[in-house]
Amino acid sequence: MTLAPRVNDSFVTDPHRRAGGGVAVDSSPPPPPEVAPGTLLRLAPGDWSYGRDLTPGTPVAVTVTSVRDLPNRSEEWVWVLGHRPECAYPHVDRHPPCMEVRVAVTALRGRDQAS
């Protein structure tokens, strides 16, 4: 006796369904807001969560060189690379960014809406 597969059996092949009946969803986060290189970001203490040699709970300023859009990043946070405003980078040979700070995507989106 041969049994016909039931719709919710995990061995039924459907490109829009996962084993167990869940609908497959694209898990990649939306692209981060665009921030032009040279933009000065002034971040409030709640707008960022981590940065090497930065004091937690303080405001941070960074002149942006790039925003990392990593494939495994979360929807809430992105890494912003840049220079401290007091860095003399325009007047010296190019050098790697002075700082990297983990910034809330909402802070970048809020900056776009305020412009």
# chains A, B, ... in the order shown; residues from 1 in each chain; ligands from 1

call {"tool": "residues_around", "arguments": {"residues": "range 49-62 of chain A", "least_positions_apart": "5", "cutoff": "7 Å", "atoms": "only C-alpha atoms", "output": "MDAnalysis selection string"}}
result
chainID A and resid 40:44 82:85 100:103

call {"tool": "closest_residue", "arguments": {"among": "A:Ala88, A:Val67, A:Leu81, A:Cys98", "to": "Pro32 in chain A", "atoms": "only C-alpha atoms"}}
result
A:Val67

call {"tool": "residues_around", "arguments": {"residues": "Ser28 in chain A", "least_positions_apart": "5", "cutoff": "12 Å", "atoms": "only C-alpha atoms", "output": "list in words"}}
result
Asp69, Leu70, Pro71, Asn72, Arg73, Ser74 and Glu75 of chain A

call {"tool": "atom_distance", "arguments": {"atom1": "CA of Arg68 in chain A", "atom2": "CA of Val80 in chain A"}}
result
6.3 Å

call {"tool": "closest_residue", "arguments": {"among": "A:Gly38, A:Gly110, A:Val105, A:Trp48", "to": "Glu76 in chain A", "atoms": "only C-alpha atoms"}}
result
A:Val105

call {"tool": "select_by_dssp", "arguments": {"residues": "range 31-115 of chain A", "states": "helix (DSSP H, G or I)", "output": "ChimeraX atom specification"}}
result
/A:45-47,89-91,105-114

call {"tool": "write_last_selection", "arguments": {"atoms": "N, CA and C atoms", "output": "tab-separated table (two decimals), in the first residue's frame"}}
result
chain	number	residue	atom	x	y	z
A	45	PRO	N	24.85	59.14	23.29
A	45	PRO	CA	25.26	57.91	23.97
A	45	PRO	C	24.43	56.68	23.59
A	46	GLY	N	23.13	56.82	23.33
A	46	GLY	CA	22.30	55.68	22.97
A	46	GLY	C	22.34	55.31	21.51
A	47	ASP	N	23.07	56.09	20.69
A	47	ASP	CA	23.14	55.83	19.25
A	47	ASP	C	24.23	54.85	18.86
A	89	TYR	N	43.74	63.81	8.97
A	89	TYR	CA	43.80	62.98	7.76
A	89	TYR	C	43.76	63.74	6.44
A	90	PRO	N	43.08	64.88	6.30
A	90	PRO	CA	43.13	65.53	4.99
A	90	PRO	C	44.51	66.11	4.67
A	91	HIS	N	45.32	66.31	5.69
A	91	HIS	CA	46.60	66.99	5.51
A	91	HIS	C	47.80	66.04	5.55
A	105	VAL	N	21.17	51.53	13.49
A	105	VAL	CA	20.63	51.90	12.18
A	105	VAL	C	19.59	53.00	12.33
A	106	THR	N	18.84	52.99	13.42
A	106	THR	CA	17.83	54.03	13.63
A	106	THR	C	18.47	55.41	13.74
A	107	ALA	N	19.67	55.50	14.27
A	107	ALA	CA	20.37	56.79	14.37
A	107	ALA	C	20.72	57.30	12.97
A	108	LEU	N	21.11	56.39	12.08
A	108	LEU	CA	21.43	56.80	10.71
A	108	LEU	C	20.17	57.17	9.95
A	109	ARG	N	19.11	56.42	10.14
A	109	ARG	CA	17.84	56.74	9.47
A	109	ARG	C	17.28	58.06	9.99
A	110	GLY	N	17.38	58.30	11.29
A	110	GLY	CA	16.91	59.55	11.88
A	110	GLY	C	17.66	60.74	11.33
A	111	ARG	N	18.94	60.55	11.05
A	111	ARG	CA	19.77	61.61	10.48
A	111	ARG	C	19.26	61.95	9.08
A	112	ASP	N	18.87	60.92	8.31
A	112	ASP	CA	18.34	61.15	6.96
A	112	ASP	C	17.04	61.95	7.01
A	113	GLN	N	16.18	61.63	7.97
A	113	GLN	CA	14.88	62.29	8.06
A	113	GLN	C	15.02	63.73	8.56
A	114	ALA	N	16.07	64.00	9.35
A	114	ALA	CA	16.26	65.35	9.88
A	114	ALA	C	16.86	66.28	8.83

call {"tool": "atom_distance", "arguments": {"atom1": "CA of Pro29 in chain A", "atom2": "CA of Pro97 in chain A"}}
result
25.2 Å

call {"tool": "atom_distance", "arguments": {"atom1": "CA of Ala36 in chain A", "atom2": "CA of Thr65 in chain A"}}
result
7.8 Å
